[in-house]
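K.L.:
Next comes the structure file input_11.pdb, holding PDB, C-alpha atoms.
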MODEL        1
ATOM      1  CA  MET A  22     -84.145-125.687 -57.116
ATOM      2  CA  VAL A  23     -85.240-128.805 -58.852
ATOM      3  CA  SER A  24     -85.343-132.343 -57.563
ATOM      4  CA  ARG A  25     -86.930-135.680 -58.275
ATOM      5  CA  THR A  26     -86.909-139.134 -56.758
ATOM      6  CA  ASP A  27     -85.074-142.244 -57.883
ATOM      7  CA  CYS A  28     -87.837-143.381 -60.212
ATOM      8  CA  PRO A  29     -86.914-144.075 -63.849
ATOM      9  CA  GLN A  30     -85.787-141.031 -65.810
ATOM     10  CA  ALA A  31     -88.654-138.580 -66.065
ATOM     11  CA  GLY A  32     -88.754-138.664 -69.844
ATOM     12  CA  GLU A  33     -89.013-142.452 -69.820
ATOM     13  CA  VAL A  34     -91.758-142.430 -67.197
ATOM     14  CA  PHE A  35     -93.701-139.750 -69.058
ATOM     15  CA  ALA A  36     -93.620-141.818 -72.237
ATOM     16  CA  GLY A  37     -94.762-144.951 -70.407
ATOM     17  CA  ARG A  38     -97.888-143.593 -68.673
ATOM     18  CA  SER A  39    -100.327-145.891 -70.487
ATOM     19  CA  ASN A  40     -98.178-148.902 -69.584
ATOM     20  CA  PHE A  41     -98.525-148.104 -65.874
ATOM     21  CA  GLN A  42    -102.306-147.808 -66.202
ATOM     22  CA  GLU A  43    -102.477-151.183 -67.916
ATOM     23  CA  ALA A  44    -100.232-152.677 -65.226
ATOM     24  CA  LEU A  45    -102.480-151.276 -62.494
ATOM     25  CA  ALA A  46    -105.600-152.769 -64.088
ATOM     26  CA  LEU A  47    -103.882-156.160 -64.323
ATOM     27  CA  ALA A  48    -102.624-156.010 -60.730
ATOM     28  CA  ARG A  49    -106.129-155.176 -59.475
ATOM     29  CA  GLN A  50    -107.587-158.000 -61.538
ATOM     30  CA  ASN A  51    -105.088-160.431 -59.992
ATOM     31  CA  ASN A  52    -105.662-158.978 -56.516
ATOM     32  CA  ASP A  53    -101.913-158.548 -56.047
ATOM     33  CA  PRO A  54    -101.466-155.911 -53.288
ATOM     34  CA  GLU A  55     -97.676-155.726 -53.601
ATOM     35  CA  ARG A  56     -97.863-155.071 -57.324
ATOM     36  CA  ILE A  57    -100.790-152.660 -56.911
ATOM     37  CA  SER A  58     -98.799-150.630 -54.358
ATOM     38  CA  ALA A  59     -95.730-150.452 -56.611
ATOM     39  CA  VAL A  60     -97.693-149.412 -59.697
ATOM     40  CA  LEU A  61     -99.727-146.821 -57.775
ATOM     41  CA  ARG A  62     -96.458-145.273 -56.598
ATOM     42  CA  ASP A  63     -95.077-144.941 -60.123
ATOM     43  CA  LEU A  64     -98.385-143.976 -61.739
ATOM     44  CA  GLY A  65     -98.836-141.240 -59.142
ATOM     45  CA  TRP A  66     -95.432-139.899 -60.133
ATOM     46  CA  VAL A  67     -96.322-139.957 -63.826
ATOM     47  CA  ILE A  68     -99.604-138.148 -63.232
ATOM     48  CA  TRP A  69     -97.772-135.521 -61.181
ATOM     49  CA  LEU A  70     -95.380-134.907 -64.077
ATOM     50  CA  ARG A  71     -98.428-134.401 -66.290
ATOM     51  CA  GLY A  72     -99.614-131.691 -63.884
ATOM     52  CA  ASN A  73    -102.637-133.453 -62.334
ATOM     53  CA  TYR A  74    -101.700-133.035 -58.680
ATOM     54  CA  ALA A  75    -105.016-134.145 -57.163
ATOM     55  CA  GLN A  76    -105.094-137.433 -59.087
ATOM     56  CA  ALA A  77    -101.409-138.009 -58.347
ATOM     57  CA  GLU A  78    -102.029-137.571 -54.634
ATOM     58  CA  ALA A  79    -104.947-140.013 -54.739
ATOM     59  CA  TYR A  80    -102.789-142.710 -56.361
ATOM     60  CA  LEU A  81     -99.859-142.105 -54.014
ATOM     61  CA  LYS A  82    -101.993-142.157 -50.854
ATOM     62  CA  GLU A  83    -103.678-145.378 -51.925
ATOM     63  CA  GLY A  84    -100.228-146.840 -52.528
ATOM     64  CA  PHE A  85     -99.104-145.613 -49.119
ATOM     65  CA  LEU A  86    -102.034-147.280 -47.333
ATOM     66  CA  LEU A  87    -101.300-150.569 -49.085
ATOM     67  CA  ALA A  88     -97.612-150.329 -48.153
ATOM     68  CA  GLN A  89     -98.608-149.753 -44.526
ATOM     69  CA  HIS A  90    -100.872-152.800 -44.651
ATOM     70  CA  LEU A  91     -98.028-154.873 -46.107
ATOM     71  CA  GLU A  92     -95.692-153.578 -43.344
ATOM     72  CA  ASP A  93     -92.949-153.099 -45.913
ATOM     73  CA  PRO A  94     -90.538-150.275 -44.892
ATOM     74  CA  GLU A  95     -88.934-150.083 -48.346
ATOM     75  CA  ARG A  96     -92.304-149.592 -50.052
ATOM     76  CA  LEU A  97     -93.331-147.047 -47.429
ATOM     77  CA  SER A  98     -90.113-145.105 -47.931
ATOM     78  CA  ASN A  99     -90.600-145.107 -51.712
ATOM     79  CA  VAL A 100     -94.108-143.681 -51.484
ATOM     80  CA  LEU A 101     -93.118-141.147 -48.808
ATOM     81  CA  LEU A 102     -90.422-139.910 -51.166
ATOM     82  CA  ARG A 103     -92.958-139.177 -53.884
ATOM     83  CA  LEU A 104     -95.532-137.717 -51.486
ATOM     84  CA  GLY A 105     -92.817-135.384 -50.226
ATOM     85  CA  SER A 106     -91.992-134.248 -53.752
ATOM     86  CA  LEU A 107     -95.657-133.598 -54.490
ATOM     87  CA  ALA A 108     -96.154-131.620 -51.270
ATOM     88  CA  ARG A 109     -93.083-129.524 -52.045
ATOM     89  CA  ALA A 110     -94.324-128.815 -55.577
ATOM     90  CA  ARG A 111     -97.532-127.478 -54.034
ATOM     91  CA  GLY A 112     -95.519-125.202 -51.758
ATOM     92  CA  ASN A 113     -96.430-127.176 -48.634
ATOM     93  CA  TYR A 114     -92.915-127.370 -47.238
ATOM     94  CA  THR A 115     -93.909-128.449 -43.718
ATOM     95  CA  GLN A 116     -95.825-131.450 -45.072
ATOM     96  CA  ALA A 117     -93.037-132.232 -47.539
ATOM     97  CA  GLU A 118     -90.380-132.310 -44.838
ATOM     98  CA  MET A 119     -92.574-134.475 -42.615
ATOM     99  CA  TYR A 120     -92.898-137.081 -45.378
ATOM    100  CA  GLN A 121     -89.183-136.879 -46.191
ATOM    101  CA  GLN A 122     -88.063-137.181 -42.570
ATOM    102  CA  GLN A 123     -90.292-140.240 -42.135
ATOM    103  CA  GLY A 124     -88.810-141.749 -45.277
ATOM    104  CA  LEU A 125     -85.256-140.990 -44.158
ATOM    105  CA  LEU A 126     -85.894-142.618 -40.778
ATOM    106  CA  LEU A 127     -87.160-145.786 -42.460
ATOM    107  CA  ALA A 128     -84.178-145.817 -44.821
ATOM    108  CA  ARG A 129     -81.726-145.426 -41.933
ATOM    109  CA  GLN A 130     -83.469-148.202 -39.985
ATOM    110  CA  THR A 131     -83.061-150.625 -42.885
ATOM    111  CA  GLY A 132     -79.558-149.420 -43.775
ATOM    112  CA  ASP A 133     -80.584-148.717 -47.373
ATOM    113  CA  ARG A 134     -77.813-146.369 -48.564
ATOM    114  CA  ASP A 135     -79.498-145.670 -51.890
ATOM    115  CA  ARG A 136     -82.704-144.628 -50.173
ATOM    116  CA  ILE A 137     -80.846-142.582 -47.539
ATOM    117  CA  CYS A 138     -79.030-140.700 -50.291
ATOM    118  CA  VAL A 139     -82.109-139.773 -52.308
ATOM    119  CA  MET A 140     -83.988-138.718 -49.163
ATOM    120  CA  LEU A 141     -81.099-136.429 -48.218
ATOM    121  CA  ILE A 142     -81.231-134.858 -51.687
ATOM    122  CA  ASN A 143     -84.940-134.147 -51.353
ATOM    123  CA  LEU A 144     -84.614-132.756 -47.827
ATOM    124  CA  GLY A 145     -81.852-130.479 -49.092
ATOM    125  CA  VAL A 146     -84.079-129.185 -51.878
ATOM    126  CA  THR A 147     -87.024-128.591 -49.530
ATOM    127  CA  ASN A 148     -84.835-126.532 -47.198
ATOM    128  CA  GLY A 149     -83.085-124.723 -50.041
ATOM    129  CA  GLU A 150     -86.371-123.577 -51.575
ATOM    130  CA  GLN A 151     -87.166-121.914 -48.259
ATOM    131  CA  GLY A 152     -83.771-120.202 -48.140
ATOM    132  CA  ASN A 153     -82.495-122.433 -45.320
ATOM    133  CA  TYR A 154     -79.149-122.791 -47.062
ATOM    134  CA  ARG A 155     -77.118-123.914 -44.049
ATOM    135  CA  GLN A 156     -79.447-126.829 -43.305
ATOM    136  CA  ALA A 157     -79.740-127.630 -47.018
ATOM    137  CA  ASP A 158     -75.938-127.754 -47.270
ATOM    138  CA  LEU A 159     -75.744-130.268 -44.411
ATOM    139  CA  TYR A 160     -78.168-132.581 -46.202
ATOM    140  CA  PHE A 161     -76.440-132.129 -49.575
ATOM    141  CA  GLN A 162     -72.930-132.703 -48.214
ATOM    142  CA  GLU A 163     -73.982-135.891 -46.407
ATOM    143  CA  GLY A 164     -75.782-137.026 -49.541
ATOM    144  CA  LEU A 165     -72.790-136.186 -51.746
ATOM    145  CA  ALA A 166     -70.385-138.164 -49.586
ATOM    146  CA  LEU A 167     -72.750-141.143 -49.682
ATOM    147  CA  ALA A 168     -73.360-140.841 -53.433
ATOM    148  CA  ARG A 169     -69.597-140.840 -54.033
ATOM    149  CA  GLN A 170     -69.235-143.965 -51.851
ATOM    150  CA  ILE A 171     -71.969-145.712 -53.802
ATOM    151  CA  GLY A 172     -70.597-144.430 -57.111
ATOM    152  CA  HIS A 173     -74.000-143.171 -58.267
ATOM    153  CA  ARG A 174     -73.085-140.533 -60.854
ATOM    154  CA  GLU A 175     -76.627-139.299 -61.468
ATOM    155  CA  TRP A 176     -77.144-138.498 -57.798
ATOM    156  CA  ILE A 177     -73.724-136.854 -57.570
ATOM    157  CA  GLY A 178     -74.711-134.658 -60.513
ATOM    158  CA  ALA A 179     -78.102-133.858 -58.941
ATOM    159  CA  ILE A 180     -76.506-132.785 -55.666
ATOM    160  CA  LEU A 181     -73.897-130.687 -57.478
ATOM    161  CA  ALA A 182     -76.729-128.976 -59.393
ATOM    162  CA  ASN A 183     -78.383-128.002 -56.131
ATOM    163  CA  LEU A 184     -75.126-127.025 -54.397
ATOM    164  CA  GLY A 185     -74.416-124.775 -57.371
ATOM    165  CA  ASP A 186     -77.859-123.217 -57.073
ATOM    166  CA  SER A 187     -77.314-122.506 -53.370
ATOM    167  CA  ALA A 188     -73.843-121.040 -53.972
ATOM    168  CA  CYS A 189     -75.262-118.766 -56.688
ATOM    169  CA  ALA A 190     -78.040-117.586 -54.369
ATOM    170  CA  LEU A 191     -75.351-116.681 -51.800
ATOM    171  CA  LYS A 192     -73.391-114.856 -54.555
ATOM    172  CA  LYS A 193     -70.530-117.344 -54.372
ATOM    173  CA  TYR A 194     -70.344-117.463 -58.146
ATOM    174  CA  ARG A 195     -66.973-119.143 -58.624
ATOM    175  CA  GLN A 196     -67.912-121.918 -56.238
ATOM    176  CA  ALA A 197     -71.246-122.279 -58.045
ATOM    177  CA  GLU A 198     -69.454-122.630 -61.382
ATOM    178  CA  ARG A 199     -67.165-125.326 -59.994
ATOM    179  CA  TYR A 200     -70.068-127.386 -58.682
ATOM    180  CA  LEU A 201     -72.126-127.001 -61.848
ATOM    181  CA  LYS A 202     -69.328-127.687 -64.311
ATOM    182  CA  GLU A 203     -68.276-130.789 -62.386
ATOM    183  CA  GLY A 204     -71.856-132.046 -62.479
ATOM    184  CA  LEU A 205     -72.212-131.332 -66.190
ATOM    185  CA  ALA A 206     -68.943-133.110 -67.032
ATOM    186  CA  LEU A 207     -70.143-136.094 -65.027
ATOM    187  CA  LEU A 208     -73.592-136.369 -66.625
ATOM    188  CA  ARG A 209     -72.924-135.505 -70.274
ATOM    189  CA  PRO A 210     -71.465-138.950 -71.028
ATOM    190  CA  LEU A 211     -74.582-140.527 -69.482
ATOM    191  CA  GLY A 212     -76.954-138.540 -71.704
ATOM    192  CA  GLN A 213     -79.018-137.719 -68.599
ATOM    193  CA  LEU A 214     -81.121-134.962 -70.186
ATOM    194  CA  GLU A 215     -83.143-133.965 -67.146
ATOM    195  CA  TRP A 216     -80.289-133.116 -64.802
ATOM    196  CA  MET A 217     -78.178-131.787 -67.673
ATOM    197  CA  SER A 218     -80.953-129.265 -68.317
ATOM    198  CA  VAL A 219     -81.009-128.296 -64.634
ATOM    199  CA  LEU A 220     -77.214-127.899 -64.493
ATOM    200  CA  LEU A 221     -77.185-125.815 -67.679
ATOM    201  CA  THR A 222     -80.043-123.648 -66.386
ATOM    202  CA  ASN A 223     -78.165-123.000 -63.154
ATOM    203  CA  LEU A 224     -74.991-122.221 -65.092
ATOM    204  CA  GLY A 225     -76.968-119.777 -67.235
ATOM    205  CA  MET A 226     -78.337-118.118 -64.107
ATOM    206  CA  THR A 227     -74.849-117.919 -62.572
ATOM    207  CA  MET A 228     -73.434-116.305 -65.711
ATOM    208  CA  ARG A 229     -76.364-113.883 -66.020
ATOM    209  CA  LYS A 230     -75.926-112.680 -62.454
ATOM    210  CA  GLN A 231     -72.283-111.906 -63.219
ATOM    211  CA  GLY A 232     -73.208-109.986 -66.362
ATOM    212  CA  HIS A 233     -71.828-112.608 -68.770
ATOM    213  CA  ASP A 234     -74.835-112.543 -71.104
ATOM    214  CA  THR A 235     -73.264-114.367 -74.062
ATOM    215  CA  GLN A 236     -72.214-117.336 -71.928
ATOM    216  CA  ALA A 237     -75.537-117.264 -70.110
ATOM    217  CA  GLU A 238     -77.480-117.496 -73.352
ATOM    218  CA  ARG A 239     -75.358-120.386 -74.605
ATOM    219  CA  TYR A 240     -76.110-122.404 -71.488
ATOM    220  CA  LEU A 241     -79.798-121.470 -71.392
ATOM    221  CA  LYS A 242     -80.321-122.241 -75.072
ATOM    222  CA  GLU A 243     -79.051-125.792 -74.581
ATOM    223  CA  ALA A 244     -80.962-126.174 -71.299
ATOM    224  CA  LEU A 245     -84.235-125.201 -72.965
ATOM    225  CA  MET A 246     -83.574-127.456 -75.953
ATOM    226  CA  LEU A 247     -82.991-130.473 -73.675
ATOM    227  CA  ALA A 248     -86.028-129.632 -71.550
ATOM    228  CA  ARG A 249     -88.234-129.426 -74.651
ATOM    229  CA  GLN A 250     -86.913-132.812 -75.781
ATOM    230  CA  LEU A 251     -88.120-134.266 -72.484
ATOM    231  CA  GLY A 252     -91.479-132.531 -72.909
ATOM    232  CA  LEU A 253     -91.987-132.097 -69.151
ATOM    233  CA  PRO A 254     -93.587-128.766 -68.156
ATOM    234  CA  LEU A 255     -91.991-128.686 -64.702
ATOM    235  CA  ILE A 256     -88.542-128.990 -66.270
ATOM    236  CA  ILE A 257     -89.175-126.587 -69.188
ATOM    237  CA  ALA A 258     -90.381-123.834 -66.821
ATOM    238  CA  HIS A 259     -86.975-123.250 -65.220
ATOM    239  CA  PRO A 260     -84.907-122.334 -68.307
ATOM    240  CA  LEU A 261     -87.865-120.246 -69.537
ATOM    241  CA  TYR A 262     -87.741-118.257 -66.296
ATOM    242  CA  GLU A 263     -84.009-117.645 -66.526
ATOM    243  CA  TYR A 264     -84.213-116.837 -70.237
ATOM    244  CA  GLY A 265     -86.914-114.277 -69.457
ATOM    245  CA  HIS A 266     -84.664-112.514 -66.960
ATOM    246  CA  LEU A 267     -81.779-112.605 -69.404
ATOM    247  CA  PHE A 268     -83.983-110.789 -71.940
ATOM    248  CA  LEU A 269     -84.930-108.252 -69.260
ATOM    249  CA  HIS A 270     -81.255-107.635 -68.566
ATOM    250  CA  ARG A 271     -80.857-106.945 -72.287
ATOM    251  CA  GLN A 272     -83.851-104.577 -72.200
ATOM    252  CA  GLN A 273     -85.884-106.870 -74.471
ATOM    253  CA  ALA A 274     -89.179-106.671 -72.592
ATOM    254  CA  GLU A 275     -91.354-108.255 -75.294
ATOM    255  CA  ALA A 276     -89.111-111.301 -75.621
ATOM    256  CA  ALA A 277     -89.048-111.635 -71.825
ATOM    257  CA  THR A 278     -92.848-111.427 -71.665
ATOM    258  CA  ALA A 279     -93.123-114.271 -74.173
ATOM    259  CA  MET A 280     -90.965-116.506 -71.964
ATOM    260  CA  PHE A 281     -92.957-115.817 -68.797
ATOM    261  CA  GLU A 282     -96.280-116.219 -70.604
ATOM    262  CA  GLU A 283     -95.172-119.589 -71.945
ATOM    263  CA  MET A 284     -94.406-120.603 -68.370
ATOM    264  CA  LEU A 285     -98.002-119.831 -67.415
ATOM    265  CA  THR A 286     -99.357-121.954 -70.274
ATOM    266  CA  LEU A 287     -97.239-124.934 -69.221
ATOM    267  CA  ILE A 288     -97.293-125.197 -65.448
ATOM    268  CA  PRO A 289    -100.259-126.493 -63.428
ATOM    269  CA  GLU A 290    -102.033-123.972 -61.207
ATOM    270  CA  GLU A 291    -101.205-126.043 -58.140
ATOM    271  CA  SER A 292     -97.497-125.426 -58.704
ATOM    272  CA  GLN A 293     -97.661-122.308 -56.572
ATOM    273  CA  ASP A 294     -93.972-121.427 -56.602
ATOM    274  CA  LEU A 295     -93.619-121.543 -60.396
ATOM    275  CA  MET A 296     -96.877-119.656 -60.912
ATOM    276  CA  ALA A 297     -95.662-116.949 -58.554
ATOM    277  CA  LEU A 298     -92.275-116.729 -60.271
ATOM    278  CA  ALA A 299     -93.947-116.420 -63.677
ATOM    279  CA  HIS A 300     -96.079-113.557 -62.325
ATOM    280  CA  TYR A 301     -92.964-111.895 -60.902
ATOM    281  CA  GLY A 302     -91.269-112.168 -64.299
ATOM    282  CA  LEU A 303     -94.310-110.647 -65.995
ATOM    283  CA  ALA A 304     -94.306-107.864 -63.387
ATOM    284  CA  CYS A 305     -90.674-107.051 -64.214
ATOM    285  CA  ALA A 306     -91.486-107.064 -67.934
ATOM    286  CA  ALA A 307     -94.495-104.777 -67.405
ATOM    287  CA  SER A 308     -92.293-102.368 -65.476
ATOM    288  CA  ALA A 309     -89.723-102.412 -68.289
ATOM    289  CA  ARG A 310     -92.515-101.439 -70.716
ATOM    290  CA  GLY A 311     -93.512 -98.553 -68.447
ATOM    291  CA  ASN A 312     -96.750-100.127 -67.204
ATOM    292  CA  THR A 313     -96.200 -99.504 -63.488
ATOM    293  CA  GLN A 314     -99.773-100.248 -62.415
ATOM    294  CA  GLN A 315     -99.764-103.692 -64.015
ATOM    295  CA  ALA A 316     -96.268-104.351 -62.703
ATOM    296  CA  GLN A 317     -97.311-103.569 -59.134
ATOM    297  CA  ALA A 318    -100.454-105.727 -59.328
ATOM    298  CA  LEU A 319     -98.522-108.725 -60.700
ATOM    299  CA  GLY A 320     -95.691-108.226 -58.231
ATOM    300  CA  GLU A 321     -98.039-108.084 -55.260
ATOM    301  CA  ARG A 322     -99.822-111.205 -56.475
ATOM    302  CA  SER A 323     -96.495-113.009 -56.716
ATOM    303  CA  LEU A 324     -95.324-111.812 -53.312
ATOM    304  CA  ALA A 325     -98.545-112.882 -51.590
ATOM    305  CA  THR A 326     -98.076-116.466 -52.822
ATOM    306  CA  LEU A 327     -94.346-116.642 -52.088
ATOM    307  CA  GLU A 328     -94.796-115.288 -48.559
ATOM    308  CA  THR A 329     -97.687-117.663 -47.886
ATOM    309  CA  ILE A 330     -95.666-120.750 -48.814
ATOM    310  CA  GLY A 331     -92.411-119.443 -47.317
ATOM    311  CA  HIS A 332     -90.403-119.434 -50.561
ATOM    312  CA  ARG A 333     -86.897-117.954 -50.671
ATOM    313  CA  TYR A 334     -87.751-115.612 -53.584
ATOM    314  CA  ALA A 335     -90.219-113.667 -51.419
ATOM    315  CA  LYS A 336     -87.396-111.401 -50.218
ATOM    316  CA  GLU A 337     -86.300-110.560 -53.775
ATOM    317  CA  VAL A 338     -89.843-109.762 -54.906
ATOM    318  CA  ARG A 339     -90.490-107.648 -51.802
ATOM    319  CA  LEU A 340     -87.333-105.593 -52.399
ATOM    320  CA  TRP A 341     -88.255-105.160 -56.076
ATOM    321  CA  LEU A 342     -91.748-103.929 -55.169
ATOM    322  CA  ASN A 343     -90.284-101.437 -52.685
ATOM    323  CA  THR A 344     -88.038-100.106 -55.441
ATOM    324  CA  LEU A 345     -90.995 -99.901 -57.827
ATOM    325  CA  LYS A 346     -93.040 -97.925 -55.330
ATOM    326  CA  GLY A 347     -90.077 -95.585 -54.871
TER
ENDMDL
END
Any chance you could put this one into structure tokens?
P.N.:
Amino acid sequence: MVSRTDCPQAGEVFAGRSNFQEALALARQNNDPERISAVLRDLGWVIWLRGNYAQAEAYLKEGFLLAQHLEDPERLSNVLLRLGSLARARGNYTQAEMYQQQGLLLARQTGDRDRICVMLINLGVTNGEQGNYRQADLYFQEGLALARQIGHREWIGAILANLGDSACALKKYRQAERYLKEGLALLRPLGQLEWMSVLLTNLGMTMRKQGHDTQAERYLKEALMLARQLGLPLIIAHPLYEYGHLFLHRQQAEAATAMFEEMLTLIPEESQDLMALAHYGLACAASARGNTQQAQALGERSLATLETIGHRYAKEVRLWLNTLKG
């Protein structure tokens, strides 16, 4: 699953990194704590998208301390949202949910429907990545109802992307298609590349799992093209992963290997879930080439990480390894 906060579109933020750094220097020079806190929040997000998790955390925590000092619940909620996303990206789901629950509480106390909605989305993603689909669905359905009330099409599309992902994981493929196609129809007119890429990736995955390879490739090709336009490694990694498994299904092990290896070159080492999934993909490709020893080593490496962080894909990798061992 993929999620982000309600900051500006990721592609826009990524392009404007130097502007945030200049703004931070100016805010410090003017000794403006409110402005410093706001810029630290957004700069931390930008740095995270660039893959520097440690620096991102430093900026976000400094912003959080300033927001606490200012006793501003809206600022606190904003920073907690981003800290939660960062913790989830590191595979620290307990910490992520703690931040997100704190942020949701603050949003409910102030009656901020926008903030409540985006917190519900993030809590849904955190639970979904752990395979807690029932709890994730409760968060997503509450968020969807609120997003429809507000009329926020981007958030509606984001929730539909995640509901589709959950339905696919539960093998409810027709329901997944309905969610994903509704989201895509909603976001295409907006030109929202990031969530369009996610929706298309999930549609590709849904088609692949049903054996509809031609349709799957059409969706994944567009998803990867849009992700490359954004230039964000954490977005590009997902269609690469699904494309790799599509190639495996077609018995094209070399092409699959290339996809999973590109994942490894793009994603930061601290992104434990994506690193583990790339290793799992490479394990499957090694097995397809007849290299059982390498396949087992890569698979066990992947499983160790996924089990440690409590990721939903641990079960799939464990079952695959059992099959490999015969």
K.L.:
Quote the spacing between atom CA of Leu247 of chain A and atom CA of Leu224 of chain A in Å to one decimal place.
P.N.:
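Atom CA of Leu224 of chain A lies at a distance of 14.3 Å from atom CA of Leu247 of chain A.
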K.L.:
Find the nearest atom pair between each residue of segment 220-254 of chain A and segment 166-189 of chain A for residues within 10 Å, count all atoms listed in the file, give distances in Å to one decimal, sort rows by chain and ascending number, and present the table as JSON lines.
P.N.:
{"residue": "A:Leu220", "atom": "CA", "partner": "A:Ala182", "partner_atom": "CA", "distance": 5.2}
{"residue": "A:Leu221", "atom": "CA", "partner": "A:Ala182", "partner_atom": "CA", "distance": 8.9}
{"residue": "A:Thr222", "atom": "CA", "partner": "A:Ala182", "partner_atom": "CA", "distance": 9.4}
{"residue": "A:Asn223", "atom": "CA", "partner": "A:Asp186", "partner_atom": "CA", "distance": 6.1}
{"residue": "A:Leu224", "atom": "CA", "partner": "A:Gly185", "partner_atom": "CA", "distance": 8.2}
{"residue": "A:Met226", "atom": "CA", "partner": "A:Cys189", "partner_atom": "CA", "distance": 8.1}
{"residue": "A:Thr227", "atom": "CA", "partner": "A:Cys189", "partner_atom": "CA", "distance": 6.0}
{"residue": "A:Met228", "atom": "CA", "partner": "A:Cys189", "partner_atom": "CA", "distance": 9.5}
{"residue": "A:Lys230", "atom": "CA", "partner": "A:Cys189", "partner_atom": "CA", "distance": 8.4}
{"residue": "A:Gln231", "atom": "CA", "partner": "A:Cys189", "partner_atom": "CA", "distance": 9.9}
K.L.:
For a test of reading the model, state the distance in Å between atom CA of Arg229 of chain A and atom CA of His266 of chain A, rounded to one decimal.
P.N.:
8.5 Å
K.L.:
Rounded to one decimal place, report the atom CA of Ala274 of chain A-atom CA of Leu295 of chain A distance in Å.
P.N.:
19.7 Å
K.L.:
Take the PyMOL selection byres ((chain A and resi 299-307) around 6), run it mentally on this structure, and tell me the resulting residues as a ChimeraX atom specification.
P.N.:
/A:274,278,281,296-298,308-310,312,316,319-320,323
K.L.:
Between A:Leu144, A:Asn153, A:Met119, A:Ala258, which one has atoms that come closest to Gly331 of chain A, using all atoms listed in the file?
P.N.:
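Counting all atoms listed in the file, the residue closest to Gly331 of chain A is A:Asn153.
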K.L.:
Just so the selection is clear, what residues does the PyMOL selection byres ((chain A and resi 335) around 12) cover here, as a list in words?
P.N.:
Glu150, Gln151, Gly152, Asp294, Ala297, Leu298, Tyr301, Gly320, Glu321, Arg322, Ser323, Leu324, Ala325, Thr326, Leu327, Glu328, Thr329, Ile330, Gly331, His332, Arg333, Tyr334, Lys336, Glu337, Val338, Arg339, Leu340, Trp341 and Leu342 of chain A
K.L.:
Select, from A:Gly124, A:Gly145, A:Gly347, A:Pro289, the residue with the minimum atom-to-atom distance to Leu102 of chain A, counting only C-alpha atoms.
P.N.:
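Ranked by minimum distance to Leu102 of chain A, first place goes to A:Gly124.
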K.L.:
Please provide as a ChimeraX atom specification all residues within 10 Å of Leu97 of chain A, with the sequence filter that same-chain residues fewer than 2 positions apart are discarded (counting all atoms listed in the file).
P.N.:
/A:58,62,84-95,99-102,123-124,127-128
K.L.:
Return as lines of an AutoDock Vina configuration file the box centre and box size in Å, one decimal, for an axis-aligned box around all listed atoms of segment 226-231 of chain A padded by 5 Å per side.
P.N.:
center_x = -75.3
center_y = -115.0
center_z = -64.2
size_x = 16.1
size_y = 16.2
size_z = 13.6
K.L.:
So, with all atoms listed in the file as the atoms that count, which of A:Leu207, A:Tyr264, A:Leu245, A:Ala117 lies closest to Ala276 of chain A?
P.N.:
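Ranking A:Leu207, A:Tyr264, A:Leu245, A:Ala117 by distance to Ala276 of chain A, first place goes to A:Tyr264.
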K.L.:
Taking all atoms listed in the file into account, name the residue in A:Gly265, A:Gly65, A:Gly132, A:Gly204 that is nearest to Ser106 of chain A.
P.N.:
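When distances to Ser106 of chain A are compared using all atoms listed in the file, the smallest one comes from A:Gly65.
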K.L.:
Looking at all atoms listed in the file, which of A:Gln250, A:Gln317, A:Gln76, A:Thr235 is the one that sits closest to Leu64 of chain A?
P.N.:
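With all atoms listed in the file as the atom set, the closest residue is A:Gln76.
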K.L.:
Which residue gives the smallest distance to Leu253 of chain A among A:Leu345, A:Val219, A:Leu214, A:Leu70, with all atoms listed in the file counted?
P.N.:
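Going through A:Leu345, A:Val219, A:Leu214, A:Leu70 one by one, the smallest distance to Leu253 of chain A is for A:Leu70.
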K.L.:
Complete segment 162-170 of chain A with N, CA and C atoms (output as a PDB file, in the coordinates of the input).
P.N.:
ATOM      1  N   GLN A 162     -74.294-132.208 -48.409  1.00  0.00           N
ATOM      2  CA  GLN A 162     -72.930-132.703 -48.214  1.00  0.00           C
ATOM      3  C   GLN A 162     -72.934-134.151 -47.726  1.00  0.00           C
ATOM      4  N   GLU A 163     -73.874-134.492 -46.841  1.00  0.00           N
ATOM      5  CA  GLU A 163     -73.982-135.891 -46.407  1.00  0.00           C
ATOM      6  C   GLU A 163     -74.388-136.772 -47.580  1.00  0.00           C
ATOM      7  N   GLY A 164     -75.339-136.277 -48.370  1.00  0.00           N
ATOM      8  CA  GLY A 164     -75.782-137.026 -49.541  1.00  0.00           C
ATOM      9  C   GLY A 164     -74.675-137.187 -50.567  1.00  0.00           C
ATOM     10  N   LEU A 165     -73.876-136.131 -50.770  1.00  0.00           N
ATOM     11  CA  LEU A 165     -72.790-136.186 -51.746  1.00  0.00           C
ATOM     12  C   LEU A 165     -71.736-137.205 -51.342  1.00  0.00           C
ATOM     13  N   ALA A 166     -71.377-137.199 -50.066  1.00  0.00           N
ATOM     14  CA  ALA A 166     -70.385-138.164 -49.586  1.00  0.00           C
ATOM     15  C   ALA A 166     -70.890-139.593 -49.800  1.00  0.00           C
ATOM     16  N   LEU A 167     -72.161-139.809 -49.520  1.00  0.00           N
ATOM     17  CA  LEU A 167     -72.750-141.143 -49.682  1.00  0.00           C
ATOM     18  C   LEU A 167     -72.844-141.524 -51.151  1.00  0.00           C
ATOM     19  N   ALA A 168     -73.252-140.577 -51.997  1.00  0.00           N
ATOM     20  CA  ALA A 168     -73.360-140.841 -53.433  1.00  0.00           C
ATOM     21  C   ALA A 168     -71.998-141.194 -54.029  1.00  0.00           C
ATOM     22  N   ARG A 169     -70.948-140.521 -53.550  1.00  0.00           N
ATOM     23  CA  ARG A 169     -69.597-140.840 -54.033  1.00  0.00           C
ATOM     24  C   ARG A 169     -69.178-142.235 -53.575  1.00  0.00           C
ATOM     25  N   GLN A 170     -69.538-142.608 -52.345  1.00  0.00           N
ATOM     26  CA  GLN A 170     -69.235-143.965 -51.851  1.00  0.00           C
ATOM     27  C   GLN A 170     -69.918-145.018 -52.709  1.00  0.00           C
TER      28      GLN A 170
END
